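Accompanying notes for the structure given below.
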Number of protein chains: 4
Amino acid sequence: MTPNVFRYTCRVTYAQCTVGNHIYYARYLDILEAARGEFFRALGMPLGLLQEQDTIFPVIGVELSYKSAARYDEVLTTEVWVSECGGVRVNFGCKILKDDGTLVLEGVTKHVCTTRDEKPKRLPKEISEKLGQKSN
Amino acid sequence: MTPNVFRYTCRVTYAQCTVGNHIYYARYLDILEAARGEFFRALGMPLGLLQEQDTIFPVIGVELSYKSAARYDEVLTTEVWVSECGGVRVNFGCKILKDDGTLVLEGVTKHVCTTRDEKPKRLPKEISEKLGQKSN
Amino acid sequence: MTPNVFRYTCRVTYAQCTVGNHIYYARYLDILEAARGEFFRALGMPLGLLQEQDTIFPVIGVELSYKSAARYDEVLTTEVWVSECGGVRVNFGCKILKDDGTLVLEGVTKHVCTTRDEKPKRLPKEISEKLGQKSN
Amino acid sequence: MTPNVFRYTCRVTYAQCTVGNHIYYARYLDILEAARGEFFRALGMPLGLLQEQDTIFPVIGVELSYKSAARYDEVLTTEVWVSECGGVRVNFGCKILKDDGTLVLEGVTKHVCTTRDEKPKRLPKEISEKLGQKSN
């Protein structure tokens, strides 16, 4: 089964770069968050709305491989998809690519479903269904 | 004479927010930089290209008034325009607005034109012309 | 009357720098916030404690002049002092200096005293007294 | 063999926090960078100096587990040590702990030794020796 891959595009700013003209390693996580936010919106459930409904997805782990440096003003496409989903957990696979196809970063971000008070809870059924996999 | 106002739109991310659910005061400067970058691109002279041609615009001053708090997931429109331009200097006026017209921030960022080695130089004529005002 | 000047020292990281090896203009505001936080702590009223007591100090304005570029690994001393204080308002003067005395930045950050719900309120007397000036 | 564990202490600022009052997941990477920088300094080879000598350590991977949320104004101690070192590679183990011993984060950051032009090179012998392990 091929997962539903969402694509998010952005352009590298000076705010994201560091000495030597490449994106600082932590700023990629900002980009991944923005991409996940647009992914949820595209699925019809903006994270801001879910938060009002007492559902948030704190990050419990990241595993990222930095493959090449992205530079100021380059256009980056972030691919994000559900790589695992079930119970109280959801993981997102991700890739960041340049316009010419160069792989910049790949990896996974791991999340737990909680209330706003950070108490773990099972993924609500309508969310796990929209994420494309059953939460058995 | 009415200046040419450029508009840049973005959506507030968790990366930009702080405790209490509003954008952290420094992150607005990241947004203003992104807006100026797109303004220069729209004028046909991307900052990355100007940098290759040994022209950069370091910030020498900011004067910003924070008028209301922007929240996670809100859509913000940044308006940016040339408010002063001449010699080695260029200033940009700016406003950030919510979708409903609420003013979030207004002010000015002040820049000096320099080489990449940070030596001040007169604004190249083709740049000051595109910025819409003479560099006498 | 000479105000009470508080000094906060930090070292420049890659996270704060951008292309060209200098601190990105927005990151100075992060440093100023850290310095103000330590200033309040030194006055015996950590901002975290004040926040629990329903008093916060959102920024309503900044006026900053960038005087010279700070580089990776340099040690910076931030000076911060109360420049105005009264009613619902408090302003902090600030300077950032290098070890050799070079002025990097100077200016003022303007704050309003509010509840956590962002409703303006008069500075509590014990706070305005510790800030060293009457809140008439 | 027990590795040499370096400890770096800092206090959580508003700049590092996001909605819900906890450190934003990307900001921990800023803290880890600051801790590695002080580690190298303590070993007698500040990264700024190594950079002048044409040796830098770009990140090629991170694996981090977020164990509990750190809040505004808490004091965090970051432990960092060399977990692997040899050839062109060096990995750092890391833990971030609260004052009461609560584990906030643990993981590894993976680095490659390169010239400033980002060409991989063997770890210079004096560096691998100071890092406490042979670079065979």
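In the structure tokens, chains take the letters A, B, ... in the order shown, each chain's residues start at 1, and ligands count up from 1 in the order shown.
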Chain B superposed on chain D over all ordered C-alpha pairs, least squares: can you write that as a JSON list (two decimals) with C-alpha atoms, in the first residue's frame?
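Now in out-v1.json:
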[["chain", "number", "residue", "atom", "x", "y", "z"],
["B", 1, "MET", "CA", 35.65, 2.51, 29.30],
["B", 2, "THR", "CA", 33.51, 5.36, 30.56],
["B", 3, "PRO", "CA", 33.44, 8.36, 28.27],
["B", 4, "ASN", "CA", 34.25, 11.84, 29.46],
["B", 5, "VAL", "CA", 30.87, 13.50, 30.09],
["B", 6, "PHE", "CA", 30.71, 17.27, 29.71],
["B", 7, "ARG", "CA", 27.91, 19.22, 31.39],
["B", 8, "TYR", "CA", 26.37, 22.46, 30.14],
["B", 9, "THR", "CA", 23.70, 24.34, 32.05],
["B", 10, "CYS", "CA", 21.14, 26.84, 30.77],
["B", 11, "ARG", "CA", 17.77, 28.26, 31.71],
["B", 12, "VAL", "CA", 14.69, 27.99, 29.48],
["B", 13, "THR", "CA", 13.64, 31.26, 27.83],
["B", 14, "TYR", "CA", 10.38, 32.34, 26.21],
["B", 15, "ALA", "CA", 12.23, 32.31, 22.87],
["B", 16, "GLN", "CA", 12.59, 28.52, 23.19],
["B", 17, "CYS", "CA", 9.00, 27.79, 24.22],
["B", 18, "THR", "CA", 5.85, 27.35, 22.18],
["B", 19, "VAL", "CA", 2.10, 27.14, 22.77],
["B", 20, "GLY", "CA", 1.34, 25.05, 25.85],
["B", 21, "ASN", "CA", 4.47, 26.18, 27.73],
["B", 22, "HIS", "CA", 7.15, 23.73, 26.75],
["B", 23, "ILE", "CA", 10.30, 23.96, 24.69],
["B", 24, "TYR", "CA", 9.59, 23.67, 20.95],
["B", 25, "TYR", "CA", 11.07, 20.40, 19.66],
["B", 26, "ALA", "CA", 13.57, 22.09, 17.33],
["B", 27, "ARG", "CA", 15.01, 24.40, 20.01],
["B", 28, "TYR", "CA", 16.58, 21.47, 21.86],
["B", 29, "LEU", "CA", 18.95, 21.20, 18.89],
["B", 30, "ASP", "CA", 20.06, 24.79, 19.54],
["B", 31, "ILE", "CA", 20.82, 23.80, 23.14],
["B", 32, "LEU", "CA", 22.74, 20.69, 22.02],
["B", 33, "GLU", "CA", 24.85, 22.84, 19.69],
["B", 34, "ALA", "CA", 25.68, 25.27, 22.49],
["B", 35, "ALA", "CA", 26.65, 22.32, 24.71],
["B", 36, "ARG", "CA", 28.91, 20.79, 22.03],
["B", 37, "GLY", "CA", 30.54, 24.19, 21.54],
["B", 38, "GLU", "CA", 31.38, 24.46, 25.23],
["B", 39, "PHE", "CA", 32.58, 20.82, 25.23],
["B", 40, "PHE", "CA", 35.10, 21.57, 22.47],
["B", 41, "ARG", "CA", 36.19, 24.72, 24.32],
["B", 42, "ALA", "CA", 36.69, 22.72, 27.52],
["B", 43, "LEU", "CA", 38.85, 20.29, 25.52],
["B", 44, "GLY", "CA", 41.02, 23.24, 24.51],
["B", 45, "MET", "CA", 39.90, 23.49, 20.92],
["B", 46, "PRO", "CA", 37.07, 26.00, 20.43],
["B", 47, "LEU", "CA", 35.07, 25.32, 17.25],
["B", 48, "GLY", "CA", 35.71, 28.89, 16.08],
["B", 49, "LEU", "CA", 39.45, 28.18, 16.14],
["B", 50, "LEU", "CA", 39.06, 24.81, 14.39],
["B", 51, "GLN", "CA", 36.98, 26.55, 11.73],
["B", 52, "GLU", "CA", 39.85, 29.01, 11.12],
["B", 53, "GLN", "CA", 42.02, 25.91, 10.71],
["B", 54, "ASP", "CA", 39.59, 24.65, 8.06],
["B", 55, "THR", "CA", 37.92, 21.96, 10.18],
["B", 56, "ILE", "CA", 34.18, 21.92, 10.78],
["B", 57, "PHE", "CA", 31.70, 19.24, 11.92],
["B", 58, "PRO", "CA", 28.45, 19.43, 9.97],
["B", 59, "VAL", "CA", 25.58, 17.35, 11.34],
["B", 60, "ILE", "CA", 24.63, 14.37, 9.19],
["B", 61, "GLY", "CA", 22.08, 12.82, 11.49],
["B", 62, "VAL", "CA", 20.12, 13.19, 14.70],
["B", 63, "GLU", "CA", 18.24, 10.57, 16.71],
["B", 64, "LEU", "CA", 16.45, 12.12, 19.63],
["B", 65, "SER", "CA", 13.86, 10.85, 22.11],
["B", 66, "TYR", "CA", 11.80, 13.48, 23.90],
["B", 67, "LYS", "CA", 11.04, 12.08, 27.36],
["B", 68, "SER", "CA", 9.32, 14.94, 29.18],
["B", 69, "ALA", "CA", 8.52, 18.59, 28.57],
["B", 70, "ALA", "CA", 10.82, 21.35, 29.81],
["B", 71, "ARG", "CA", 9.06, 24.56, 30.88],
["B", 72, "TYR", "CA", 9.87, 28.26, 30.93],
["B", 73, "ASP", "CA", 12.46, 29.24, 33.56],
["B", 74, "GLU", "CA", 13.54, 25.70, 34.39],
["B", 75, "VAL", "CA", 17.26, 25.01, 34.64],
["B", 76, "LEU", "CA", 18.45, 22.31, 32.27],
["B", 77, "THR", "CA", 21.72, 20.41, 32.34],
["B", 78, "THR", "CA", 22.89, 18.99, 29.05],
["B", 79, "GLU", "CA", 25.29, 16.07, 29.20],
["B", 80, "VAL", "CA", 27.33, 15.44, 26.08],
["B", 81, "TRP", "CA", 30.03, 12.88, 25.34],
["B", 82, "VAL", "CA", 31.80, 11.24, 22.40],
["B", 83, "SER", "CA", 29.93, 8.04, 21.61],
["B", 84, "GLU", "CA", 31.83, 7.15, 18.43],
["B", 85, "CYS", "CA", 34.88, 8.62, 16.77],
["B", 86, "GLY", "CA", 36.97, 7.42, 13.85],
["B", 87, "GLY", "CA", 37.92, 8.16, 10.28],
["B", 88, "VAL", "CA", 35.86, 11.14, 9.12],
["B", 89, "ARG", "CA", 33.10, 10.63, 11.69],
["B", 90, "VAL", "CA", 32.29, 11.66, 15.23],
["B", 91, "ASN", "CA", 29.05, 11.02, 17.12],
["B", 92, "PHE", "CA", 27.97, 12.67, 20.35],
["B", 93, "GLY", "CA", 25.67, 11.07, 22.87],
["B", 94, "CYS", "CA", 23.51, 13.53, 24.78],
["B", 95, "LYS", "CA", 21.04, 13.82, 27.62],
["B", 96, "ILE", "CA", 19.12, 16.82, 28.88],
["B", 97, "LEU", "CA", 18.02, 16.70, 32.51],
["B", 98, "LYS", "CA", 16.06, 18.89, 34.90],
["B", 99, "ASP", "CA", 17.38, 19.88, 38.32],
["B", 100, "ASP", "CA", 15.39, 17.09, 39.97],
["B", 101, "GLY", "CA", 16.93, 14.51, 37.65],
["B", 102, "THR", "CA", 13.95, 14.19, 35.29],
["B", 103, "LEU", "CA", 15.15, 13.10, 31.87],
["B", 104, "VAL", "CA", 13.93, 15.55, 29.22],
["B", 105, "LEU", "CA", 15.72, 14.27, 26.12],
["B", 106, "GLU", "CA", 18.31, 11.72, 25.11],
["B", 107, "GLY", "CA", 19.90, 10.72, 21.86],
["B", 108, "VAL", "CA", 22.80, 11.15, 19.51],
["B", 109, "THR", "CA", 23.97, 13.70, 16.98],
["B", 110, "LYS", "CA", 26.12, 12.41, 14.12],
["B", 111, "HIS", "CA", 28.77, 14.52, 12.47],
["B", 112, "VAL", "CA", 31.26, 14.34, 9.67],
["B", 113, "CYS", "CA", 34.60, 16.14, 9.74],
["B", 114, "THR", "CA", 35.02, 18.40, 6.69],
["B", 115, "THR", "CA", 36.87, 21.40, 5.38],
["B", 116, "ARG", "CA", 34.98, 24.70, 5.31],
["B", 117, "ASP", "CA", 34.14, 23.84, 1.71],
["B", 118, "GLU", "CA", 32.34, 20.79, 3.09],
["B", 119, "LYS", "CA", 34.82, 18.23, 1.73],
["B", 120, "PRO", "CA", 35.08, 15.25, 4.13],
["B", 121, "LYS", "CA", 38.50, 14.75, 5.72],
["B", 122, "ARG", "CA", 39.92, 12.46, 8.39],
["B", 123, "LEU", "CA", 39.74, 13.88, 11.87],
["B", 124, "PRO", "CA", 43.09, 15.57, 12.54],
["B", 125, "LYS", "CA", 45.03, 13.40, 15.03],
["B", 126, "GLU", "CA", 45.23, 16.09, 17.73],
["B", 127, "ILE", "CA", 41.45, 16.44, 17.60],
["B", 128, "SER", "CA", 40.65, 12.73, 17.74],
["B", 129, "GLU", "CA", 43.08, 12.37, 20.63],
["B", 130, "LYS", "CA", 41.43, 15.16, 22.59],
["B", 131, "LEU", "CA", 38.05, 13.64, 21.83],
["B", 132, "GLY", "CA", 39.47, 10.72, 23.77],
["B", 133, "GLN", "CA", 39.38, 7.99, 21.19],
["B", 134, "LYS", "CA", 41.71, 6.96, 18.40],
["B", 135, "SER", "CA", 40.78, 7.81, 14.83],
["B", 136, "ASN", "CA", 42.05, 4.55, 13.22]]
Every residue of region 14-89 of chain C that DSSP places in strand (DSSP E), as a PDB file with N, CA and C atoms, in the first residue's frame:
ATOM      1  N   CYS C  17      23.529  32.737  14.268  1.00  0.00           N
ATOM      2  CA  CYS C  17      24.186  33.375  13.117  1.00  0.00           C
ATOM      3  C   CYS C  17      23.469  33.076  11.806  1.00  0.00           C
ATOM      4  N   THR C  18      23.782  33.868  10.802  1.00  0.00           N
ATOM      5  CA  THR C  18      23.250  33.626   9.470  1.00  0.00           C
ATOM      6  C   THR C  18      24.388  33.713   8.453  1.00  0.00           C
ATOM      7  N   HIS C  22      27.393  36.506  10.966  1.00  0.00           N
ATOM      8  CA  HIS C  22      27.046  37.480  12.003  1.00  0.00           C
ATOM      9  C   HIS C  22      25.691  37.077  12.555  1.00  0.00           C
ATOM     10  N   ILE C  23      25.384  37.587  13.733  1.00  0.00           N
ATOM     11  CA  ILE C  23      24.094  37.247  14.334  1.00  0.00           C
ATOM     12  C   ILE C  23      22.971  37.781  13.449  1.00  0.00           C
ATOM     13  N   VAL C  59       5.680  42.673  25.017  1.00  0.00           N
ATOM     14  CA  VAL C  59       6.377  43.740  24.303  1.00  0.00           C
ATOM     15  C   VAL C  59       5.384  44.489  23.415  1.00  0.00           C
ATOM     16  N   ILE C  60       5.395  45.826  23.487  1.00  0.00           N
ATOM     17  CA  ILE C  60       4.534  46.604  22.584  1.00  0.00           C
ATOM     18  C   ILE C  60       5.355  47.450  21.619  1.00  0.00           C
ATOM     19  N   GLY C  61       6.658  47.444  21.792  1.00  0.00           N
ATOM     20  CA  GLY C  61       7.481  48.175  20.837  1.00  0.00           C
ATOM     21  C   GLY C  61       8.953  47.892  21.025  1.00  0.00           C
ATOM     22  N   VAL C  62       9.702  47.969  19.941  1.00  0.00           N
ATOM     23  CA  VAL C  62      11.165  47.887  20.019  1.00  0.00           C
ATOM     24  C   VAL C  62      11.745  48.964  19.114  1.00  0.00           C
ATOM     25  N   GLU C  63      12.807  49.580  19.585  1.00  0.00           N
ATOM     26  CA  GLU C  63      13.585  50.525  18.768  1.00  0.00           C
ATOM     27  C   GLU C  63      15.035  50.158  18.965  1.00  0.00           C
ATOM     28  N   LEU C  64      15.627  49.581  17.929  1.00  0.00           N
ATOM     29  CA  LEU C  64      16.980  49.048  18.062  1.00  0.00           C
ATOM     30  C   LEU C  64      17.871  49.584  16.954  1.00  0.00           C
ATOM     31  N   SER C  65      19.098  49.955  17.328  1.00  0.00           N
ATOM     32  CA  SER C  65      20.110  50.339  16.339  1.00  0.00           C
ATOM     33  C   SER C  65      21.221  49.308  16.362  1.00  0.00           C
ATOM     34  N   TYR C  66      21.487  48.741  15.188  1.00  0.00           N
ATOM     35  CA  TYR C  66      22.539  47.737  15.064  1.00  0.00           C
ATOM     36  C   TYR C  66      23.822  48.468  14.681  1.00  0.00           C
ATOM     37  N   VAL C  75      32.056  36.675  22.859  1.00  0.00           N
ATOM     38  CA  VAL C  75      31.344  36.839  24.122  1.00  0.00           C
ATOM     39  C   VAL C  75      30.673  38.211  24.116  1.00  0.00           C
ATOM     40  N   LEU C  76      29.391  38.230  24.396  1.00  0.00           N
ATOM     41  CA  LEU C  76      28.636  39.478  24.393  1.00  0.00           C
ATOM     42  C   LEU C  76      28.114  39.779  25.795  1.00  0.00           C
ATOM     43  N   THR C  77      28.207  41.038  26.175  1.00  0.00           N
ATOM     44  CA  THR C  77      27.594  41.468  27.430  1.00  0.00           C
ATOM     45  C   THR C  77      26.408  42.367  27.095  1.00  0.00           C
ATOM     46  N   THR C  78      25.265  41.978  27.623  1.00  0.00           N
ATOM     47  CA  THR C  78      24.058  42.780  27.438  1.00  0.00           C
ATOM     48  C   THR C  78      23.821  43.591  28.702  1.00  0.00           C
ATOM     49  N   GLU C  79      23.704  44.895  28.525  1.00  0.00           N
ATOM     50  CA  GLU C  79      23.337  45.778  29.630  1.00  0.00           C
ATOM     51  C   GLU C  79      21.862  46.113  29.494  1.00  0.00           C
ATOM     52  N   VAL C  80      21.139  46.025  30.584  1.00  0.00           N
ATOM     53  CA  VAL C  80      19.715  46.333  30.539  1.00  0.00           C
ATOM     54  C   VAL C  80      19.357  47.127  31.793  1.00  0.00           C
ATOM     55  N   TRP C  81      18.495  48.113  31.632  1.00  0.00           N
ATOM     56  CA  TRP C  81      18.079  48.947  32.758  1.00  0.00           C
ATOM     57  C   TRP C  81      16.665  49.479  32.500  1.00  0.00           C
ATOM     58  N   VAL C  82      16.020  49.917  33.567  1.00  0.00           N
ATOM     59  CA  VAL C  82      14.688  50.500  33.438  1.00  0.00           C
ATOM     60  C   VAL C  82      14.849  51.938  32.958  1.00  0.00           C
ATOM     61  N   SER C  83      14.290  52.250  31.795  1.00  0.00           N
ATOM     62  CA  SER C  83      14.431  53.616  31.283  1.00  0.00           C
ATOM     63  C   SER C  83      13.163  54.440  31.536  1.00  0.00           C
ATOM     64  N   GLU C  84      12.055  53.746  31.725  1.00  0.00           N
ATOM     65  CA  GLU C  84      10.799  54.431  32.042  1.00  0.00           C
ATOM     66  C   GLU C  84       9.906  53.434  32.742  1.00  0.00           C
ATOM     67  N   CYS C  85       9.112  53.906  33.688  1.00  0.00           N
ATOM     68  CA  CYS C  85       8.282  52.984  34.456  1.00  0.00           C
ATOM     69  C   CYS C  85       7.165  53.785  35.101  1.00  0.00           C
ATOM     70  N   GLY C  86       5.922  53.375  34.853  1.00  0.00           N
ATOM     71  CA  GLY C  86       4.820  54.111  35.471  1.00  0.00           C
ATOM     72  C   GLY C  86       3.499  53.653  34.900  1.00  0.00           C
ATOM     73  N   ARG C  89       3.007  50.808  32.205  1.00  0.00           N
ATOM     74  CA  ARG C  89       4.106  50.691  31.245  1.00  0.00           C
ATOM     75  C   ARG C  89       5.473  50.562  31.907  1.00  0.00           C
TER      76      ARG C  89
END
So which residues of chain C fall under helix (DSSP H, G or I) by DSSP, listed as a count of residues only? 31
